[in-house]
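What's in model35.cif: mmCIF, C-alpha atoms
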```cif
data_run
loop_
_atom_site.label_atom_id
_atom_site.label_comp_id
_atom_site.auth_asym_id
_atom_site.auth_seq_id
_atom_site.Cartn_x
_atom_site.Cartn_y
_atom_site.Cartn_z
CA MET A 9 -22.70 -25.01 -43.69
CA GLN A 10 -24.70 -24.70 -40.41
CA PRO A 11 -22.78 -25.17 -37.13
CA SER A 12 -23.72 -28.33 -35.33
CA PRO A 13 -25.60 -28.12 -31.99
CA ASP A 14 -22.45 -29.30 -30.19
CA THR A 15 -20.50 -26.31 -31.51
CA THR A 16 -23.22 -23.89 -30.41
CA ASN A 17 -23.13 -25.33 -26.89
CA LYS A 18 -19.34 -24.97 -26.78
CA ARG A 19 -19.62 -21.32 -27.79
CA ILE A 20 -22.16 -20.71 -25.05
CA VAL A 21 -19.82 -22.24 -22.49
CA THR A 22 -16.82 -20.29 -23.80
CA TYR A 23 -18.37 -16.83 -24.02
CA ALA A 24 -21.78 -16.57 -22.38
CA ILE A 25 -20.97 -18.10 -18.98
CA PRO A 26 -17.92 -15.92 -18.23
CA LEU A 27 -19.91 -12.90 -19.43
CA LEU A 28 -22.79 -13.86 -17.14
CA ILE A 29 -20.43 -14.25 -14.18
CA ILE A 30 -18.92 -10.80 -14.82
CA VAL A 31 -22.39 -9.21 -15.15
CA VAL A 32 -23.59 -10.85 -11.90
CA LEU A 33 -20.44 -9.77 -10.02
CA LEU A 34 -20.60 -6.18 -11.28
CA GLY A 35 -24.36 -6.06 -10.59
CA GLY A 36 -23.79 -7.30 -7.04
CA LEU A 37 -21.05 -4.75 -6.49
CA PHE A 38 -23.26 -1.95 -7.82
CA MET A 39 -26.25 -2.93 -5.66
CA SER A 40 -24.16 -3.33 -2.52
CA ALA A 41 -22.61 0.12 -3.08
CA LEU A 42 -26.07 1.59 -3.76
CA PHE A 43 -27.57 0.36 -0.50
CA ASP A 44 -24.44 0.66 1.60
CA ASP A 45 -25.09 3.30 4.26
CA LYS A 46 -21.60 3.15 5.71
CA PRO A 47 -19.58 6.35 5.54
CA ASP A 48 -16.55 6.30 3.27
CA VAL A 49 -14.19 7.44 5.97
CA PRO A 50 -13.67 4.77 8.62
CA SER A 51 -14.12 5.78 12.24
CA MET A 52 -10.73 5.16 13.76
CA ARG A 53 -11.88 6.17 17.24
CA GLU A 54 -14.65 3.63 17.80
CA ASN A 55 -13.99 1.05 20.53
CA LYS A 56 -10.91 2.90 21.69
CA PRO A 57 -10.32 5.30 24.59
CA LEU A 58 -11.32 8.89 23.97
CA PRO A 59 -8.10 10.67 22.96
CA SER A 60 -6.60 13.03 25.47
CA PHE A 61 -7.12 16.73 24.70
CA SER A 62 -7.71 19.98 26.49
CA ALA A 63 -8.98 23.37 25.40
CA LYS A 64 -10.54 26.57 26.58
CA LYS A 65 -14.08 26.21 27.83
CA LEU A 66 -16.52 28.10 25.60
CA PHE A 67 -17.49 31.50 27.16
CA SER A 68 -14.91 31.08 29.94
CA ASP A 69 -11.17 31.35 30.54
CA GLN A 70 -11.12 27.97 32.23
CA THR A 71 -9.20 25.10 30.59
CA ILE A 72 -11.08 21.83 30.39
CA HIS A 73 -9.79 18.35 29.67
CA SER A 74 -11.18 15.26 27.96
CA ASN A 75 -10.74 13.44 31.31
CA ASP A 76 -13.66 15.55 32.55
CA ILE A 77 -15.91 13.41 30.34
CA ARG A 78 -16.15 10.44 32.70
CA GLY A 79 -18.44 8.70 35.20
CA GLN A 80 -21.57 8.40 33.04
CA TYR A 81 -22.60 8.08 29.39
CA TRP A 82 -21.90 11.25 27.45
CA LEU A 83 -22.79 12.37 23.97
CA LEU A 84 -19.92 14.39 22.56
CA ASN A 85 -21.36 16.57 19.81
CA VAL A 86 -19.21 18.54 17.34
CA TRP A 87 -21.10 21.66 16.28
CA GLY A 88 -20.74 25.14 14.82
CA SER A 89 -23.07 28.09 14.25
CA TRP A 90 -21.95 28.11 10.58
CA CYS A 91 -23.16 24.54 10.00
CA PRO A 92 -26.65 24.18 8.44
CA THR A 93 -27.14 20.58 9.61
CA CYS A 94 -26.40 21.65 13.20
CA TYR A 95 -29.52 23.85 13.03
CA LEU A 96 -31.52 20.81 11.87
CA GLU A 97 -30.38 18.48 14.63
CA HIS A 98 -30.41 21.07 17.43
CA PRO A 99 -34.08 20.65 18.47
CA TYR A 100 -33.48 16.92 18.97
CA LEU A 101 -30.40 17.59 21.11
CA MET A 102 -32.59 19.89 23.26
CA GLU A 103 -35.09 17.05 23.57
CA LEU A 104 -32.37 14.57 24.58
CA GLU A 105 -31.09 16.99 27.20
CA LYS A 106 -34.62 17.22 28.64
CA GLN A 107 -34.73 13.42 28.77
CA GLY A 108 -31.61 13.48 30.95
CA VAL A 109 -28.95 12.60 28.38
CA THR A 110 -25.69 14.39 29.19
CA ILE A 111 -24.20 16.20 26.22
CA VAL A 112 -20.84 17.89 25.88
CA GLY A 113 -20.06 20.08 22.88
CA VAL A 114 -17.01 20.75 20.75
CA ASN A 115 -17.59 24.14 19.19
CA TYR A 116 -15.70 23.77 15.91
CA ARG A 117 -14.32 26.54 13.63
CA ASP A 118 -16.54 29.13 15.22
CA THR A 119 -16.29 32.44 17.04
CA GLU A 120 -17.50 32.83 20.60
CA SER A 121 -19.89 35.64 19.62
CA ASP A 122 -21.54 33.52 16.87
CA ALA A 123 -21.68 30.49 19.17
CA ARG A 124 -23.29 32.60 21.92
CA ARG A 125 -25.91 33.95 19.49
CA PHE A 126 -26.69 30.41 18.29
CA LEU A 127 -27.18 29.04 21.81
CA GLU A 128 -29.12 32.07 23.05
CA GLN A 129 -31.56 31.80 20.16
CA ARG A 130 -31.98 28.03 20.15
CA GLY A 131 -31.21 26.89 23.67
CA ASN A 132 -28.12 25.28 25.15
CA PRO A 133 -28.23 21.47 25.44
CA TYR A 134 -24.54 21.23 26.44
CA GLN A 135 -23.18 20.79 29.97
CA PHE A 136 -20.18 22.68 28.59
CA SER A 137 -18.38 23.03 25.28
CA PHE A 138 -14.73 22.84 24.28
CA PHE A 139 -13.77 25.86 22.16
CA ASP A 140 -11.97 24.54 19.05
CA PRO A 141 -11.63 27.38 16.52
CA LYS A 142 -8.64 25.83 14.71
CA GLY A 143 -9.90 22.25 14.59
CA HIS A 144 -7.20 20.64 16.75
CA ILE A 145 -9.72 18.60 18.76
CA ALA A 146 -11.67 17.85 15.57
CA ILE A 147 -8.60 16.27 13.94
CA GLU A 148 -7.77 14.44 17.18
CA LEU A 149 -11.25 12.91 16.99
CA GLY A 150 -10.93 12.18 13.26
CA ILE A 151 -14.01 14.14 12.24
CA THR A 152 -14.78 15.10 8.64
CA ALA A 153 -17.21 17.98 9.23
CA ALA A 154 -19.99 19.04 11.60
CA PRO A 155 -22.20 17.75 13.04
CA GLU A 156 -20.71 14.51 14.30
CA THR A 157 -21.55 12.79 17.59
CA PHE A 158 -19.64 10.30 19.73
CA LEU A 159 -20.99 8.11 22.50
CA ILE A 160 -18.56 8.01 25.43
CA SER A 161 -18.86 5.31 28.10
CA PRO A 162 -18.48 6.07 31.85
CA ASP A 163 -14.86 4.80 31.71
CA GLY A 164 -13.99 7.02 28.73
CA GLN A 165 -14.31 4.57 25.83
CA VAL A 166 -15.67 5.76 22.48
CA LEU A 167 -18.54 3.34 21.83
CA PHE A 168 -19.97 4.87 18.68
CA HIS A 169 -19.22 7.61 16.16
CA ARG A 170 -22.04 9.12 14.15
CA ILE A 171 -21.06 11.11 11.04
CA GLY A 172 -24.00 13.39 10.20
CA ALA A 173 -27.10 14.65 11.96
CA MET A 174 -28.47 13.09 15.12
CA ASP A 175 -32.16 12.30 15.17
CA GLU A 176 -34.56 10.05 17.03
CA LYS A 177 -34.11 7.14 14.63
CA VAL A 178 -30.30 7.23 14.88
CA PHE A 179 -30.36 7.64 18.67
CA ASN A 180 -32.79 4.77 19.22
CA SER A 181 -31.10 2.39 16.81
CA ALA A 182 -27.41 3.08 17.46
CA PHE A 183 -26.89 4.94 20.73
CA LYS A 184 -29.63 3.75 23.08
CA PRO A 185 -28.92 0.00 22.77
CA LEU A 186 -25.26 0.58 23.65
CA MET A 187 -26.20 2.72 26.65
CA GLU A 188 -28.71 0.16 27.88
CA ALA A 189 -26.46 -2.85 27.29
CA SER A 190 -24.37 -2.37 30.42
CA GLN A 191 -27.10 -1.01 32.70
CA MET B 19 -13.56 57.14 -14.26
CA SER B 20 -9.96 55.94 -14.15
CA TRP B 21 -9.95 56.11 -10.32
CA LEU B 22 -12.78 53.54 -10.34
CA ARG B 23 -10.73 51.17 -12.49
CA VAL B 24 -7.78 51.56 -10.17
CA LEU B 25 -10.00 50.83 -7.17
CA VAL B 26 -11.52 47.72 -8.76
CA PHE B 27 -8.05 46.46 -9.76
CA ALA B 28 -6.67 47.11 -6.27
CA LEU B 29 -9.58 45.30 -4.61
CA ALA B 30 -9.35 42.30 -6.95
CA PHE B 31 -5.61 42.08 -6.42
CA ASN B 32 -5.96 42.23 -2.66
CA LEU B 33 -8.73 39.61 -2.60
CA SER B 34 -6.75 37.12 -4.70
CA TRP B 35 -3.68 37.79 -2.57
CA ALA B 36 -5.63 37.28 0.64
CA SER B 37 -7.23 34.01 -0.53
CA LYS B 38 -3.96 32.15 0.04
CA ALA B 39 -2.11 32.68 3.25
CA ILE B 40 1.61 33.15 2.85
CA LEU B 41 3.42 30.33 4.59
CA GLU B 42 6.98 30.71 5.72
CA PHE B 43 9.35 27.77 5.97
CA ASP B 44 12.80 27.37 7.48
CA SER B 45 14.19 25.71 4.34
CA GLU B 46 13.34 24.80 0.76
CA GLN B 47 13.15 21.09 1.80
CA GLN B 48 10.41 21.91 4.32
CA LYS B 49 8.46 23.79 1.66
CA GLU B 50 8.80 20.87 -0.78
CA LEU B 51 7.75 18.37 1.89
CA TYR B 52 4.68 20.46 2.74
CA GLU B 53 3.69 20.79 -0.95
CA GLN B 54 4.20 17.05 -1.48
CA LEU B 55 2.20 16.04 1.60
CA ILE B 56 -0.84 18.21 0.90
CA THR B 57 -1.13 16.72 -2.58
CA GLU B 58 -0.72 13.15 -1.26
CA LEU B 59 -3.34 13.51 1.49
CA ARG B 60 -6.98 13.08 0.62
CA CYS B 61 -9.75 15.35 1.86
CA PRO B 62 -11.95 13.23 4.18
CA LYS B 63 -15.03 15.30 3.43
CA CYS B 64 -14.85 15.51 -0.38
CA LEU B 65 -14.26 12.20 -2.07
CA ASN B 66 -11.80 12.84 -4.86
CA GLN B 67 -9.77 15.84 -3.89
CA SER B 68 -6.47 16.25 -2.14
CA ILE B 69 -6.37 18.62 0.82
CA ALA B 70 -4.37 20.95 -1.45
CA ASP B 71 -7.30 21.29 -3.86
CA SER B 72 -10.19 21.22 -1.41
CA ASN B 73 -11.88 24.26 0.13
CA ALA B 74 -13.61 22.21 2.86
CA GLY B 75 -13.04 23.43 6.41
CA ILE B 76 -11.46 20.16 7.49
CA SER B 77 -8.96 20.37 4.61
CA ASP B 78 -7.98 23.83 5.79
CA ASP B 79 -7.43 22.45 9.30
CA LEU B 80 -5.46 19.50 7.93
CA ARG B 81 -3.22 21.80 5.87
CA ASN B 82 -2.59 23.82 9.01
CA ILE B 83 -1.68 20.76 11.05
CA VAL B 84 0.64 19.51 8.28
CA TYR B 85 2.27 22.94 8.19
CA GLU B 86 2.75 22.99 11.97
CA LYS B 87 4.31 19.53 11.98
CA VAL B 88 6.59 20.26 9.01
CA LYS B 89 7.78 23.40 10.80
CA GLN B 90 8.45 21.32 13.92
CA GLY B 91 10.81 19.20 11.78
CA GLN B 92 8.69 16.03 11.69
CA SER B 93 9.26 13.65 8.76
CA GLY B 94 6.70 12.99 6.02
CA GLU B 95 6.21 9.43 7.28
CA ASP B 96 5.54 10.64 10.84
CA ILE B 97 2.96 13.17 9.63
CA LYS B 98 1.21 10.62 7.41
CA SER B 99 1.20 8.09 10.22
CA PHE B 100 -0.33 10.69 12.61
CA LEU B 101 -3.20 11.34 10.19
CA GLN B 102 -3.59 7.68 9.29
CA GLN B 103 -4.23 6.90 12.97
CA ARG B 104 -7.12 9.37 12.89
CA TYR B 105 -8.57 8.82 9.40
CA GLY B 106 -7.35 5.37 8.37
CA ASP B 107 -5.93 4.52 4.94
CA PHE B 108 -8.65 6.71 3.42
CA ILE B 109 -6.54 9.80 3.99
CA LEU B 110 -3.65 8.43 1.90
CA TYR B 111 -3.82 8.67 -1.87
CA LYS B 112 -1.00 6.10 -1.98
CA PRO B 113 -2.11 3.32 0.38
CA GLU B 114 0.58 1.23 2.03
CA VAL B 115 1.56 -2.08 0.41
CA ARG B 116 0.10 -4.40 3.06
CA GLY B 117 -3.02 -6.35 4.06
CA THR B 118 -6.12 -5.87 1.91
CA ASN B 119 -4.34 -3.01 0.12
CA LEU B 120 -2.40 -5.72 -1.75
CA ILE B 121 -5.53 -6.22 -3.89
CA LEU B 122 -5.43 -2.53 -4.83
CA TRP B 123 -1.74 -2.62 -5.66
CA PHE B 124 -1.48 -5.95 -7.49
CA GLY B 125 -5.08 -6.85 -8.45
CA PRO B 126 -5.13 -4.93 -11.78
CA GLY B 127 -1.69 -6.33 -12.78
CA ILE B 128 -2.74 -9.91 -11.99
CA LEU B 129 -5.97 -9.44 -13.97
CA LEU B 130 -3.98 -8.06 -16.91
CA ILE B 131 -1.54 -10.99 -16.84
CA LEU B 132 -4.41 -13.50 -16.67
CA THR B 133 -6.13 -11.81 -19.62
CA ILE B 134 -2.92 -11.87 -21.68
CA VAL B 135 -2.32 -15.56 -20.84
CA PHE B 136 -5.90 -16.37 -21.86
CA LEU B 137 -5.62 -14.47 -25.14
CA VAL B 138 -2.22 -15.97 -25.99
CA TYR B 139 -3.58 -19.45 -25.26
CA ARG B 140 -6.51 -18.78 -27.58
CA PHE B 141 -4.32 -17.50 -30.42
CA MET B 142 -1.67 -20.18 -30.07
CA SER B 143 -4.26 -22.91 -30.26
CA ASN B 144 -4.04 -24.72 -33.65
CA LYS B 145 -7.72 -25.09 -34.06
CA PRO B 146 -9.41 -22.15 -35.72
CA SER B 147 -12.37 -20.89 -33.76
CA ASN B 148 -14.89 -22.13 -36.39
CA TYR B 149 -13.35 -25.59 -36.54
CA GLN B 150 -15.84 -28.41 -36.55
CA GLU B 151 -15.62 -32.14 -37.06
CA LEU B 152 -16.93 -33.51 -40.40
CA SER B 153 -19.81 -35.84 -40.26
CA GLU B 154 -19.42 -39.28 -41.85
CA GLN B 155 -21.67 -38.22 -44.70
CA GLU B 156 -19.58 -35.11 -45.40
CA ARG B 157 -16.36 -37.16 -45.30
CA LEU B 158 -17.75 -39.61 -47.87
CA ALA B 159 -18.86 -36.74 -50.11
CA ILE B 160 -15.36 -35.21 -50.02
CA ASP B 161 -13.70 -38.58 -50.74
CA GLN B 162 -16.04 -39.01 -53.67
CA LEU B 163 -15.14 -35.58 -55.03
CA LEU B 164 -11.41 -36.24 -54.61
CA ASN B 165 -11.68 -39.64 -56.32
CA ASP B 166 -13.58 -38.10 -59.24
CA GLU B 167 -10.92 -35.39 -59.53
CA GLU B 168 -8.10 -37.94 -59.51
CA SER B 169 -9.72 -40.20 -62.09
CA SER B 170 -10.50 -37.31 -64.46
CA GLY B 171 -6.96 -35.93 -63.94
CA SER B 172 -5.30 -39.27 -64.77
CA SER B 173 -7.50 -39.83 -67.87
CA SER B 174 -6.64 -36.39 -69.29
CA GLN B 175 -2.92 -37.11 -68.67
CA ASN B 176 -3.25 -40.40 -70.59
CA ASN B 177 -4.92 -38.54 -73.46
CA ARG B 178 -1.99 -36.09 -73.69
CA GLN B 179 0.56 -38.95 -73.68
CA ASP B 180 -1.38 -40.71 -76.46
CA LYS B 181 -1.04 -37.61 -78.65
#
```
Please lay out the structure from this file as structure tokens.
Amino acid sequence: MQPSPDTTNKRIVTYAIPLLIIVVLLGGLFMSALFDDKPDVPSMRENKPLPSFSAKKLFSDQTIHSNDIRGQYWLLNVWGSWCPTCYLEHPYLMELEKQGVTIVGVNYRDTESDARRFLEQRGNPYQFSFFDPKGHIAIELGITAAPETFLISPDGQVLFHRIGAMDEKVFNSAFKPLMEASQ
Amino acid sequence: MSWLRVLVFALAFNLSWASKAILEFDSEQQKELYEQLITELRCPKCLNQSIADSNAGISDDLRNIVYEKVKQGQSGEDIKSFLQQRYGDFILYKPEVRGTNLILWFGPGILLILTIVFLVYRFMSNKPSNYQELSEQERLAIDQLLNDEESSGSSSQNNRQDK
């Protein structure tokens, strides 16, 4: 006996529509995850004051404090001579420094001799660098690796946190608009 | 060449020994707390590893900071809260039962209950899944068949009584 057309329609409603909804939802989830450029780790420091920390100044016995990063826009760049991506982004940091952008470094998990060699060979874009061999400042900032770059406002607020390399596209799209907004 | 074997063994032993720093604790409770925390904290660099399993530099730093704080006598909750302020819920393998985390905690259970309710409803339903109404024509045909059956049944009964 052949099922009547009414029965076939009921089966479609019972099985096919829920299946379709599930497929569309899973498809949407998959596509959003595929094109989502957000890092997995949330930046807990954005839109908050720069945490207070102090450390030895790189290549000096002087102690420097996070309060020294005030009065203008600063890029705070976490770097290390052991970090391959730091080599990639370094030429652009040199370019930014030539353009008048003020950059402060956090030399992370490094030795002073390796850091010196790195900067002597490739140039020094930093006004000064905090020496952070054990990662205390890095954890205070909530970083996951190097390089990472923070934009600090003149009154010491963290406006943006970039996880990964800095380049022209990132600077122009994320950093520059924030720096120009209040000028 | 036995001296060479001894040298290789000694080197290998030293390397494996050196790969893990020996940590000293003031009590067995501190050691247990440290071991528990490093397995409950997630490496922020590598997606599915605890800081105990990960070789990433940041995991090494996080283990060190956990060690320092355990040695200072801080509680597990204080240490987790300190890291949560810097890395968010991401750092916790066991997220707190609050806010959007409620979906993580109770979502699968609710889905399971809904599925069971749906299945039970389907099975308890009296109608079989291939149930379909008879058309008028089919009903008449069945009545006809039943009538024929009844009439032939009663005539054969009469025949037996006659004998």
Stretch 176-179 of chain A environment, 10 Å, all atoms listed in the file, sequence neighbours closer than 2 positions dropped, as a ChimeraX atom specification: /A:97,100-101,103-104,170,172-174,181-185
Please, could you write that set of residues out with C-alpha atoms as a compact mmCIF listing (two decimals), in the frame of the given file?
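out_37.txt written:
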```
# COMPACT_ATOMS: atom_id res chain seq x y z
CA GLU A 97 -30.38 18.48 14.63
CA TYR A 100 -33.48 16.92 18.97
CA LEU A 101 -30.40 17.59 21.11
CA GLU A 103 -35.09 17.05 23.57
CA LEU A 104 -32.37 14.57 24.58
CA ARG A 170 -22.04 9.12 14.15
CA GLY A 172 -24.00 13.39 10.20
CA ALA A 173 -27.10 14.65 11.96
CA MET A 174 -28.47 13.09 15.12
CA SER A 181 -31.10 2.39 16.81
CA ALA A 182 -27.41 3.08 17.46
CA PHE A 183 -26.89 4.94 20.73
CA LYS A 184 -29.63 3.75 23.08
CA PRO A 185 -28.92 0.00 22.77
```
Restrict the calculation to all atoms listed in the file, then for each residue of chain A with any atom at most 7 Å from an atom of chain B give the closest atom pair and their distance in Å to one decimal, rows by chain and rising residue number, as a Markdown table.
```
| residue | atom | partner | partner_atom | distance |
| --- | --- | --- | --- | --- |
| A:Val49 | CA | B:Phe108 | CA | 6.1 |
| A:Pro50 | CA | B:Gly106 | CA | 6.4 |
| A:Ser51 | CA | B:Tyr105 | CA | 6.9 |
| A:Met52 | CA | B:Arg104 | CA | 5.6 |
| A:Lys142 | CA | B:Asp79 | CA | 6.5 |
| A:Gly143 | CA | B:Asp79 | CA | 5.8 |
| A:Glu148 | CA | B:Arg104 | CA | 6.7 |
| A:Leu149 | CA | B:Arg104 | CA | 6.8 |
| A:Gly150 | CA | B:Arg104 | CA | 4.7 |
| A:Thr152 | CA | B:Lys63 | CA | 5.2 |
| A:Ala153 | CA | B:Ile76 | CA | 6.4 |
```
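Proximity to A:Arg130 was assessed for A:Ser60, A:Gln165, A:Asn75, A:Ser89 counting only C-alpha atoms; the smallest distance is recorded for A:Ser89.
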Starting from the point (-18.9, 18.1, 17.4), work out which residues of protein, DNA or RNA have an atom no more than 8 Å away when counting all atoms listed in the file; state them as number ranges by chain. A: 84-88, 113-116, 146, 154-157
Residues from last step as file, C-alpha atoms, as a PDB file, in the coordinates of the input:
```
ATOM      1  CA  LEU A  84     -19.920  14.390  22.560  1.00  0.00           C
ATOM      2  CA  ASN A  85     -21.360  16.570  19.810  1.00  0.00           C
ATOM      3  CA  VAL A  86     -19.210  18.540  17.340  1.00  0.00           C
ATOM      4  CA  TRP A  87     -21.100  21.660  16.280  1.00  0.00           C
ATOM      5  CA  GLY A  88     -20.740  25.140  14.820  1.00  0.00           C
ATOM      6  CA  GLY A 113     -20.060  20.080  22.880  1.00  0.00           C
ATOM      7  CA  VAL A 114     -17.010  20.750  20.750  1.00  0.00           C
ATOM      8  CA  ASN A 115     -17.590  24.140  19.190  1.00  0.00           C
ATOM      9  CA  TYR A 116     -15.700  23.770  15.910  1.00  0.00           C
ATOM     10  CA  ALA A 146     -11.670  17.850  15.570  1.00  0.00           C
ATOM     11  CA  ALA A 154     -19.990  19.040  11.600  1.00  0.00           C
ATOM     12  CA  PRO A 155     -22.200  17.750  13.040  1.00  0.00           C
ATOM     13  CA  GLU A 156     -20.710  14.510  14.300  1.00  0.00           C
ATOM     14  CA  THR A 157     -21.550  12.790  17.590  1.00  0.00           C
TER      15      THR A 157
END
```
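Our summary of the geometry notes that atom CA of A:Arg125 is positioned 12.6 Å from atom CA of A:Leu66.
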Result set, the PyMOL selection byres ((chain A and resi 73) around 10) on current file, as a short mmCIF file (atom, residue, chain, number, x, y, z; two decimals) with C-alpha atoms, in the frame of the given file:
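Output (expr_19.cif):
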```cif
data_model
loop_
_atom_site.label_atom_id
_atom_site.label_comp_id
_atom_site.auth_asym_id
_atom_site.auth_seq_id
_atom_site.Cartn_x
_atom_site.Cartn_y
_atom_site.Cartn_z
CA SER A 60 -6.60 13.03 25.47
CA PHE A 61 -7.12 16.73 24.70
CA SER A 62 -7.71 19.98 26.49
CA ALA A 63 -8.98 23.37 25.40
CA LYS A 64 -10.54 26.57 26.58
CA LYS A 65 -14.08 26.21 27.83
CA THR A 71 -9.20 25.10 30.59
CA ILE A 72 -11.08 21.83 30.39
CA SER A 74 -11.18 15.26 27.96
CA ASN A 75 -10.74 13.44 31.31
CA ASP A 76 -13.66 15.55 32.55
CA ILE A 77 -15.91 13.41 30.34
CA PHE A 138 -14.73 22.84 24.28
#
```
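The gap separating atom CA of A:Pro57 from atom CA of B:Gln90 is 26.9 Å, in Å to one decimal.
Compared by their closest atoms to A:His169, and using all atoms listed in the file, the residues A:Asp140, A:Glu105, A:Glu54, A:Glu128 rank with A:Glu54 nearest.
For the pair atom CA of A:Pro92 and atom CA of A:Ala41, the separation is 27.0 Å.
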Padding of 8 Å on every side, edges along x, y and z, all listed atoms of stretch 111-120 of chain A included: what centre and edge lengths in Å, to one decimal, does that box have, as lines of an AutoDock Vina configuration file?
```
center_x = -19.3
center_y = 24.5
center_z = 19.9
size_x = 25.9
size_y = 32.6
size_z = 28.6
```
